[in-house]
$ cat run-v5.cif   # mmCIF, C-alpha atoms
data_model
loop_
_atom_site.label_atom_id
_atom_site.label_comp_id
_atom_site.auth_asym_id
_atom_site.auth_seq_id
_atom_site.Cartn_x
_atom_site.Cartn_y
_atom_site.Cartn_z
CA MET A 307 105.07 69.12 105.82
CA ASP A 308 103.38 71.12 108.56
CA TRP A 309 101.21 73.87 107.10
CA GLY A 310 100.67 75.34 110.58
CA ASP A 311 97.45 76.58 112.15
CA GLY A 312 94.59 76.26 109.70
CA GLY A 313 96.79 75.51 106.67
CA TRP A 314 94.55 76.14 103.71
CA VAL A 315 91.49 78.36 103.82
CA GLY A 316 89.26 78.25 100.74
CA GLN A 317 88.00 81.35 98.95
CA GLU A 318 85.16 81.54 96.47
CA GLY A 319 84.23 83.64 93.49
CA CYS A 320 87.63 85.29 93.08
CA THR A 321 89.18 85.31 89.60
CA ILE A 322 92.36 87.32 88.94
CA ASP A 323 94.22 87.40 85.62
CA GLU A 324 97.19 89.58 86.59
CA LEU A 325 98.76 90.91 89.77
CA LYS A 326 101.53 93.46 90.31
CA LEU A 327 103.29 93.36 93.67
CA THR A 328 105.96 95.59 95.14
CA ALA A 329 108.82 93.60 96.68
CA PRO A 330 110.62 95.99 99.05
CA ALA A 331 114.20 95.80 100.24
CA LYS A 332 115.05 95.70 103.96
CA VAL A 333 117.72 97.11 106.21
CA ASN A 334 119.08 95.29 109.26
CA LEU A 335 119.23 97.88 112.03
CA ALA A 336 120.73 95.22 114.28
CA LEU A 337 122.00 91.71 113.54
CA TYR A 338 123.40 89.37 116.18
CA VAL A 339 124.69 85.92 115.20
CA LEU A 340 124.27 83.70 118.24
CA GLY A 341 125.94 80.53 117.04
CA ARG A 342 125.40 77.62 114.66
CA ARG A 343 122.31 75.43 114.93
CA PRO A 344 122.35 71.62 114.60
CA ASP A 345 120.77 71.95 111.12
CA GLY A 346 123.73 74.03 109.90
CA TYR A 347 121.92 77.38 109.92
CA HIS A 348 122.90 80.17 112.30
CA LYS A 349 120.77 81.33 115.20
CA LEU A 350 119.97 85.04 114.85
CA TRP A 351 118.42 88.06 116.50
CA THR A 352 117.77 90.83 114.00
CA LEU A 353 115.66 93.97 113.72
CA MET A 354 114.68 94.65 110.11
CA GLU A 355 112.67 97.40 108.43
CA THR A 356 111.39 97.57 104.86
CA ILE A 357 112.33 100.55 102.69
CA SER A 358 111.09 102.11 99.45
CA LEU A 359 113.87 100.68 97.28
CA ALA A 360 111.91 97.85 95.68
CA ASP A 361 111.51 95.36 92.86
CA GLU A 362 108.20 94.84 91.06
CA VAL A 363 106.83 91.34 90.45
CA THR A 364 104.05 90.88 87.89
CA LEU A 365 102.16 87.57 87.84
CA SER A 366 99.97 86.63 84.87
CA GLY A 367 97.86 83.55 84.32
CA ALA A 368 99.29 81.20 81.64
CA THR A 369 97.44 79.10 79.09
CA ASP A 370 99.65 76.08 79.86
CA ASP A 371 101.25 74.59 82.98
CA ALA A 372 104.68 76.20 82.60
CA VAL A 373 106.41 78.55 85.06
CA ARG A 374 108.20 81.26 83.07
CA LEU A 375 110.23 84.22 84.31
CA THR A 376 111.38 87.26 82.35
CA ALA A 377 113.30 90.18 83.81
CA THR A 378 114.29 93.77 83.16
CA GLY A 379 116.50 96.12 85.15
CA ARG A 380 119.53 94.61 86.85
CA PRO A 381 120.72 91.35 85.23
CA VAL A 382 119.38 88.24 87.01
CA PRO A 383 119.09 84.56 86.08
CA THR A 384 115.62 83.55 84.93
CA GLY A 385 115.90 79.79 85.42
CA GLU A 386 115.91 77.48 88.42
CA GLU A 387 118.67 79.56 90.06
CA ASN A 388 116.16 82.34 90.69
CA LEU A 389 114.20 82.10 93.94
CA ILE A 390 111.05 83.25 92.14
CA VAL A 391 111.05 80.17 89.90
CA ARG A 392 111.90 77.79 92.74
CA THR A 393 109.18 79.31 94.91
CA ALA A 394 106.49 79.09 92.22
CA ARG A 395 107.31 75.47 91.48
CA LEU A 396 107.40 74.53 95.15
CA LEU A 397 103.99 76.12 95.73
CA ARG A 398 102.54 74.33 92.68
CA GLU A 399 103.81 71.01 93.99
CA ARG A 400 102.60 71.46 97.58
CA ALA A 401 99.22 72.85 96.58
CA GLY A 402 98.60 70.36 93.80
CA VAL A 403 98.12 73.15 91.25
CA SER A 404 98.20 72.29 87.54
CA LYS A 405 98.09 75.90 86.31
CA GLY A 406 101.07 77.74 84.91
CA VAL A 407 102.17 81.34 85.38
CA ASP A 408 104.12 84.00 83.50
CA ILE A 409 106.18 86.13 85.87
CA HIS A 410 107.97 89.36 85.06
CA LEU A 411 110.52 90.87 87.43
CA ASP A 412 111.59 94.51 87.24
CA LYS A 413 114.83 94.18 89.21
CA VAL A 414 115.89 97.31 91.12
CA ILE A 415 117.42 95.91 94.34
CA PRO A 416 121.06 94.90 93.73
CA ILE A 417 122.05 91.25 94.11
CA GLY A 418 124.39 90.32 96.96
CA ALA A 419 123.76 93.60 98.79
CA GLY A 420 122.33 92.28 102.07
CA LEU A 421 119.03 94.04 101.31
CA GLY A 422 116.96 90.87 100.93
CA GLY A 423 115.92 91.39 97.30
CA GLY A 424 115.73 87.71 96.36
CA SER A 425 113.81 86.81 99.52
CA SER A 426 111.40 89.69 99.01
CA ASP A 427 110.78 88.59 95.41
CA ALA A 428 110.08 85.05 96.67
CA ALA A 429 107.64 86.33 99.31
CA ALA A 430 105.81 88.45 96.73
CA THR A 431 105.58 85.38 94.50
CA LEU A 432 104.15 83.26 97.31
CA VAL A 433 101.55 85.81 98.37
CA GLY A 434 100.71 86.76 94.79
CA LEU A 435 100.29 83.21 93.51
CA GLY A 436 98.13 82.38 96.51
CA ARG A 437 95.77 85.12 95.27
CA LEU A 438 96.15 84.44 91.55
CA TRP A 439 95.41 80.74 91.99
CA ASN A 440 92.73 81.37 94.62
CA LEU A 441 94.43 79.13 97.19
CA GLY A 442 93.44 80.97 100.36
CA LEU A 443 96.68 80.30 102.25
CA THR A 444 96.91 81.47 105.85
CA GLU A 445 99.80 83.64 107.00
CA ASN A 446 101.28 80.75 108.96
CA ALA A 447 101.13 78.45 105.93
CA LEU A 448 102.85 81.05 103.74
CA MET A 449 105.55 81.64 106.34
CA THR A 450 106.17 77.91 106.78
CA LEU A 451 106.58 77.39 103.05
CA GLY A 452 108.66 80.56 102.74
CA ALA A 453 111.09 79.32 105.39
CA GLU A 454 111.93 76.41 103.08
CA VAL A 455 112.97 78.87 100.39
CA GLY A 456 115.08 81.26 102.50
CA SER A 457 115.56 82.53 106.05
CA ASP A 458 114.37 86.09 105.29
CA VAL A 459 111.29 85.00 103.32
CA PRO A 460 108.93 84.69 106.35
CA PHE A 461 109.71 88.31 107.30
CA PHE A 462 108.83 89.51 103.82
CA VAL A 463 105.67 87.36 103.74
CA VAL A 464 104.47 89.13 106.90
CA MET A 465 105.33 92.52 105.41
CA GLN A 466 103.51 91.66 102.15
CA LEU A 467 100.38 90.75 104.08
CA ARG A 468 100.64 94.07 105.98
CA GLY A 469 100.78 96.07 102.76
CA GLY A 470 104.54 95.83 102.22
CA SER A 471 105.61 98.26 104.93
CA GLY A 472 106.85 97.68 108.46
CA ALA A 473 109.47 96.23 110.74
CA ALA A 474 109.97 93.12 112.83
CA VAL A 475 112.35 91.37 115.18
CA CYS A 476 113.27 87.98 113.71
CA ARG A 477 114.69 85.09 115.73
CA GLY A 478 115.71 81.50 115.16
CA ARG A 479 117.23 81.43 111.69
CA GLY A 480 114.81 84.23 110.77
CA GLU A 481 111.54 82.30 110.66
CA GLN A 482 110.24 83.60 114.01
CA VAL A 483 108.78 87.03 113.19
CA GLU A 484 107.57 89.55 115.78
CA VAL A 485 106.17 92.74 114.24
CA VAL A 486 107.30 95.94 115.99
CA GLU A 487 105.91 99.44 115.59
CA ALA A 488 107.55 102.87 115.62
CA PRO A 489 105.96 106.36 115.81
CA SER A 490 107.02 106.84 112.18
CA PRO A 491 109.13 104.82 109.71
CA HIS A 492 112.64 105.97 108.91
CA TRP A 493 114.61 107.34 106.00
CA TYR A 494 117.97 105.94 104.96
CA LEU A 495 120.98 106.97 102.95
CA LEU A 496 122.17 103.87 101.05
CA LEU A 497 125.50 103.23 99.36
CA LEU A 498 125.39 100.35 96.90
CA PRO A 499 128.78 99.05 95.73
CA LYS A 500 128.89 97.42 92.31
CA GLU A 501 130.17 94.14 93.72
CA GLY A 502 128.08 91.96 96.00
CA VAL A 503 128.95 89.71 98.93
CA SER A 504 127.96 86.06 99.08
CA THR A 505 125.85 85.42 102.18
CA ALA A 506 127.21 81.87 102.43
CA ALA A 507 130.79 83.17 102.25
CA ALA A 508 130.12 85.80 104.91
CA TYR A 509 128.75 83.27 107.40
CA ALA A 510 131.55 80.83 106.59
CA ALA A 511 134.12 83.53 107.37
CA LEU A 512 132.49 84.46 110.69
CA ARG A 513 134.66 82.99 113.42
CA ALA A 514 133.39 84.61 116.62
CA PRO A 515 129.59 84.84 117.06
CA THR A 516 128.30 87.22 119.72
CA ARG A 517 128.40 85.86 123.27
CA LEU A 518 124.88 84.87 124.25
CA THR A 519 125.14 86.57 127.65
CA THR A 520 125.65 90.01 126.10
CA VAL A 521 122.73 89.97 123.67
CA PRO A 522 119.41 90.08 125.60
CA GLU A 523 119.94 93.52 127.18
CA LYS A 524 121.43 95.03 124.02
CA ALA A 525 118.62 93.64 121.88
CA LYS A 526 115.99 94.85 124.31
CA LYS A 527 117.38 98.40 124.33
CA THR A 528 117.65 98.44 120.53
CA GLN A 529 114.03 97.39 120.15
CA GLU A 530 112.90 99.93 122.75
CA ALA A 531 114.77 102.73 120.95
CA TYR A 532 113.09 101.72 117.69
CA GLU A 533 109.63 101.65 119.27
CA ARG A 534 110.21 105.12 120.80
CA GLY A 535 111.36 106.50 117.46
CA ASP A 536 114.64 107.64 119.05
CA VAL A 537 116.85 108.01 115.97
CA ASP A 538 119.92 109.22 117.86
CA GLU A 539 119.95 106.25 120.26
CA LEU A 540 119.08 103.81 117.50
CA ARG A 541 122.07 105.02 115.49
CA GLN A 542 124.31 104.26 118.45
CA ARG A 543 122.77 100.81 118.90
CA CYS A 544 123.03 99.74 115.26
CA HIS A 545 125.13 96.58 115.30
CA ASN A 546 125.99 93.85 112.80
CA ASP A 547 128.10 90.80 113.65
CA LEU A 548 128.77 90.34 109.92
CA GLU A 549 130.08 93.87 109.34
CA ARG A 550 133.80 93.11 109.74
CA VAL A 551 133.43 90.07 107.50
CA ALA A 552 131.66 92.06 104.77
CA LEU A 553 134.30 94.78 104.88
CA SER A 554 137.05 92.19 104.61
CA LEU A 555 135.41 90.33 101.70
CA SER A 556 134.46 93.34 99.57
CA ALA A 557 136.83 96.14 98.59
CA GLY A 558 133.86 98.14 97.31
CA CYS A 559 132.05 97.79 100.60
CA ARG A 560 135.19 98.91 102.42
CA ARG A 561 135.64 101.97 100.18
CA ALA A 562 132.01 102.96 100.63
CA PHE A 563 132.34 102.65 104.40
CA GLU A 564 135.44 104.82 104.39
CA ARG A 565 133.72 107.43 102.19
CA MET A 566 130.76 107.66 104.59
CA VAL A 567 133.08 108.13 107.56
CA ALA A 568 135.20 110.72 105.73
CA ALA A 569 132.06 112.65 104.74
CA GLY A 570 131.11 113.00 108.40
CA LEU A 571 127.90 110.96 108.32
CA PRO A 572 126.63 110.24 111.84
CA GLN A 573 126.68 106.50 111.22
CA ALA A 574 127.89 103.97 108.66
CA ALA A 575 126.55 100.42 108.93
CA VAL A 576 126.45 97.29 106.78
CA SER A 577 123.04 95.73 106.08
CA GLY A 578 122.86 91.95 106.40
CA SER A 579 125.93 90.27 104.95
CA GLY A 580 126.69 93.31 102.76
CA SER A 581 127.72 94.82 100.47
CA ALA A 582 125.20 97.67 100.91
CA LEU A 583 125.81 100.26 103.60
CA PHE A 584 123.33 102.63 105.18
CA CYS A 585 122.99 105.64 107.40
CA LEU A 586 119.79 105.94 109.45
CA CYS A 587 118.29 109.41 109.00
CA GLY A 588 115.68 111.38 110.88
CA SER A 589 113.98 112.82 107.78
CA ARG A 590 113.87 112.78 104.00
CA GLU A 591 115.73 116.09 103.95
CA GLU A 592 118.60 114.65 106.00
CA ALA A 593 118.85 111.54 103.82
CA GLU A 594 118.85 113.53 100.59
CA GLY A 595 121.31 116.04 102.01
CA TYR A 596 123.83 113.30 102.76
CA ALA A 597 123.09 111.69 99.40
CA GLY A 598 123.90 114.94 97.64
CA VAL A 599 127.34 115.08 99.27
CA LEU A 600 128.17 111.47 98.51
CA ALA A 601 126.79 111.50 94.97
CA GLN A 602 129.65 113.78 93.92
CA HIS A 603 131.96 110.78 94.26
CA GLN A 604 129.59 108.24 92.66
CA GLU A 605 131.56 107.60 89.46
CA THR A 606 135.07 107.57 90.90
CA ASP A 607 134.22 105.42 93.92
CA GLY A 608 132.09 102.94 92.01
CA PHE A 609 128.90 102.89 94.04
CA GLU A 610 125.33 104.14 93.74
CA VAL A 611 123.91 106.63 96.23
CA VAL A 612 120.22 106.24 97.09
CA ALA A 613 117.96 108.11 99.50
CA SER A 614 115.30 105.58 100.47
CA GLY A 615 112.23 106.22 102.59
CA PRO A 616 109.50 104.15 104.19
CA ASN A 617 108.04 101.59 101.82
CA GLY A 618 104.62 102.68 100.59
CA GLN A 619 105.47 106.39 100.40
CA ALA A 620 104.16 108.11 97.29
CA ARG A 621 107.66 109.40 96.55
CA PRO A 622 109.95 106.52 95.57
CA ALA A 623 113.60 106.13 96.47
CA ALA A 624 115.69 108.90 94.91
CA ARG A 625 118.67 107.57 92.98
CA LEU A 626 121.11 110.46 93.02
#
$ encode --input "run-v5.cif" --output "structure tokens"
Amino acid sequence: MDWGDGGWVGQEGCTIDELKLTAPAKVNLALYVLGRRPDGYHKLWTLMETISLADEVTLSGATDDAVRLTATGRPVPTGEENLIVRTARLLRERAGVSKGVDIHLDKVIPIGAGLGGGSSDAAATLVGLGRLWNLGLTENALMTLGAEVGSDVPFFVVMQLRGGSGAAVCRGRGEQVEVVEAPSPHWYLLLLPKEGVSTAAAYAALRAPTRLTTVPEKAKKTQEAYERGDVDELRQRCHNDLERVALSLSAGCRRAFERMVAAGLPQAAVSGSGSALFCLCGSREEAEGYAGVLAQHQETDGFEVVASGPNGQARPAARL
């Protein structure tokens, strides 16, 4: 195991009994799948931004050596199937920690939506336990361990260490994270179908990855538009190689896409492997205006409508 530059950095005199961390969702403004790697993962180029739709992870010191997870909100498994539990146990093993922890998850981000909820929860667990157990892990060490848990975890580790808000270009299978800045973060209109899409199934169904020769210039222009804060150009450059797959695998995702188009939204795009869709907006007013139109069809079309802003804003995502 390579813990990277510096690995462990000791801290002194720091005792924490409980920590609450916000675990934000993300949106993929662009996602190019560049082919399969020898290790079975796919090589990616993606631009991701965190949003205010978020879970909350509470870590409390335990009197024994057990790792326990409870949850409220959306139904989730609380055993070994949950990335939070696997992450906590992996960190205990690698760090040689004998302490236990009680973890509570308030689950808001839907499962199987392509919004990175499980990975964000895992990153919050890593960063939080590093503080709770006074381990003094470096960013590189946290990212390296996070990459063992999931491809999106290193991105969320970096965002956690930056206060939970921001954006980055991620390469490789997602573990290479380059933070990017914009004049101001964005607002989004989200449509969340009731049914999710399996990430593994989406990648398995992908038959034609993007040609490598077409990506560098497109990716460069997408990143430049983001860094300029040019919402109109960024809308045009939103791209997802998994979009067709997600629409074919999920009837709910397909209906939501059709509803966004029929409502005249300037853009409808799938985040990650779906099933969530989003429209990039130039302001909170624009996002909530579109949400108001779409919310009229919430019950009949079977999806939630959410106006979500930059993570860290005082006003949370509005569920309309």
$ resolve_selection --input "run-v5.cif" --expression "the PyMOL selection byres ((chain A and resi 558) around 12)" --output "VMD selection string"
chain A and resid 419 497 to 503 552 to 557 559 to 565 580 to 583 604 606 to 610
$ closest_residue --input "run-v5.cif" --among "A:Val521, A:Ala331, A:Val433, A:Ala508" --to "Pro416 (chain A)" --atoms "all atoms listed in the file"
A:Ala331
$ closest_residue --input "run-v5.cif" --among "A:Ser490, A:Leu365, A:Arg342, A:Gly402" --to "Leu432 (chain A)" --atoms "all atoms listed in the file"
A:Leu365
$ residues_around --input "run-v5.cif" --residues "Gly615 (chain A)" --least-positions-apart "3" --cutoff "7 Å" --atoms "all atoms listed in the file" --output "number ranges by chain"
A: 357-358, 492-494, 590, 623
$ atom_distance --input "run-v5.cif" --atom1 "CA of Val551 (chain A)" --atom2 "CA of Ser577 (chain A)"
11.9 Å
$ residues_around --input "run-v5.cif" --residues "region 504-506 of chain A" --least-positions-apart "6" --cutoff "8 Å" --atoms "all atoms listed in the file" --output "mmCIF file with C-alpha atoms, in the coordinates of the input"
data_model
loop_
_atom_site.group_PDB
_atom_site.id
_atom_site.type_symbol
_atom_site.label_atom_id
_atom_site.label_comp_id
_atom_site.auth_asym_id
_atom_site.auth_seq_id
_atom_site.Cartn_x
_atom_site.Cartn_y
_atom_site.Cartn_z
ATOM 1 C CA GLY A 418 124.390 90.320 96.960
ATOM 2 C CA GLY A 420 122.330 92.280 102.070
ATOM 3 C CA SER A 579 125.930 90.270 104.950
ATOM 4 C CA GLY A 580 126.690 93.310 102.760
#
$ closest_residue --input "run-v5.cif" --among "A:Gly456, A:Gly346, A:Gly341, A:Gly442" --to "Thr393 (chain A)" --atoms "all atoms listed in the file"
A:Gly456
$ closest_residue --input "run-v5.cif" --among "A:His410, A:Arg543, A:Arg479, A:Lys332" --to "Gly422 (chain A)" --atoms "only C-alpha atoms"
A:Lys332
$ resolve_selection --input "run-v5.cif" --expression "the PyMOL selection byres ((chain A and resi 389) around 8)" --output "MDAnalysis selection string"
chainID A and resid 386:388 390:393 424:425 427:428 455
$ closest_residue --input "run-v5.cif" --among "A:Val567, A:Gly578, A:Leu327, A:Pro572" --to "Gly469 (chain A)" --atoms "only C-alpha atoms"
A:Leu327
$ residues_near_point --input "run-v5.cif" --point "(103.9, 79.7, 90.9)" --cutoff "7 Å" --atoms "all atoms listed in the file" --output "tab-separated table (two decimals) with C-alpha atoms, keeping the file's coordinate frame"
chain	number	residue	atom	x	y	z
A	373	VAL	CA	106.41	78.55	85.06
A	393	THR	CA	109.18	79.31	94.91
A	394	ALA	CA	106.49	79.09	92.22
A	395	ARG	CA	107.31	75.47	91.48
A	397	LEU	CA	103.99	76.12	95.73
A	398	ARG	CA	102.54	74.33	92.68
A	406	GLY	CA	101.07	77.74	84.91
A	407	VAL	CA	102.17	81.34	85.38
A	431	THR	CA	105.58	85.38	94.50
A	435	LEU	CA	100.29	83.21	93.51
$ build_atoms --input "run-v5.cif" --residues "region 534-550 of chain A" --atoms "N, CA and C atoms" --output "tab-separated table (two decimals), keeping the file's coordinate frame"
chain	number	residue	atom	x	y	z
A	534	ARG	N	110.36	103.72	120.38
A	534	ARG	CA	110.21	105.12	120.80
A	534	ARG	C	110.41	106.09	119.64
A	535	GLY	N	111.03	105.61	118.56
A	535	GLY	CA	111.36	106.50	117.46
A	535	GLY	C	112.56	107.37	117.77
A	536	ASP	N	113.46	106.89	118.63
A	536	ASP	CA	114.64	107.64	119.05
A	536	ASP	C	115.78	107.38	118.07
A	537	VAL	N	115.87	108.22	117.03
A	537	VAL	CA	116.85	108.01	115.97
A	537	VAL	C	118.27	108.09	116.48
A	538	ASP	N	118.56	109.05	117.36
A	538	ASP	CA	119.92	109.22	117.86
A	538	ASP	C	120.39	107.97	118.63
A	539	GLU	N	119.54	107.45	119.52
A	539	GLU	CA	119.95	106.25	120.26
A	539	GLU	C	120.02	105.04	119.34
A	540	LEU	N	119.09	104.95	118.41
A	540	LEU	CA	119.08	103.81	117.50
A	540	LEU	C	120.34	103.79	116.64
A	541	ARG	N	120.81	104.96	116.23
A	541	ARG	CA	122.07	105.02	115.49
A	541	ARG	C	123.21	104.42	116.31
A	542	GLN	N	123.24	104.76	117.59
A	542	GLN	CA	124.31	104.26	118.45
A	542	GLN	C	124.21	102.76	118.68
A	543	ARG	N	122.99	102.23	118.61
A	543	ARG	CA	122.77	100.81	118.90
A	543	ARG	C	122.77	99.94	117.65
A	544	CYS	N	122.90	100.54	116.47
A	544	CYS	CA	123.03	99.74	115.26
A	544	CYS	C	124.24	98.81	115.39
A	545	HIS	N	124.04	97.55	115.12
A	545	HIS	CA	125.13	96.58	115.30
A	545	HIS	C	124.94	95.45	114.29
A	546	ASN	N	126.05	94.96	113.75
A	546	ASN	CA	125.99	93.85	112.80
A	546	ASN	C	127.22	92.97	112.99
A	547	ASP	N	126.98	91.73	113.44
A	547	ASP	CA	128.10	90.80	113.65
A	547	ASP	C	128.80	90.43	112.35
A	548	LEU	N	128.16	90.68	111.20
A	548	LEU	CA	128.77	90.34	109.92
A	548	LEU	C	129.50	91.52	109.28
A	549	GLU	N	129.51	92.67	109.96
A	549	GLU	CA	130.08	93.87	109.34
A	549	GLU	C	131.56	93.71	109.02
A	550	ARG	N	132.35	93.26	109.98
A	550	ARG	CA	133.80	93.11	109.74
A	550	ARG	C	134.06	92.13	108.60
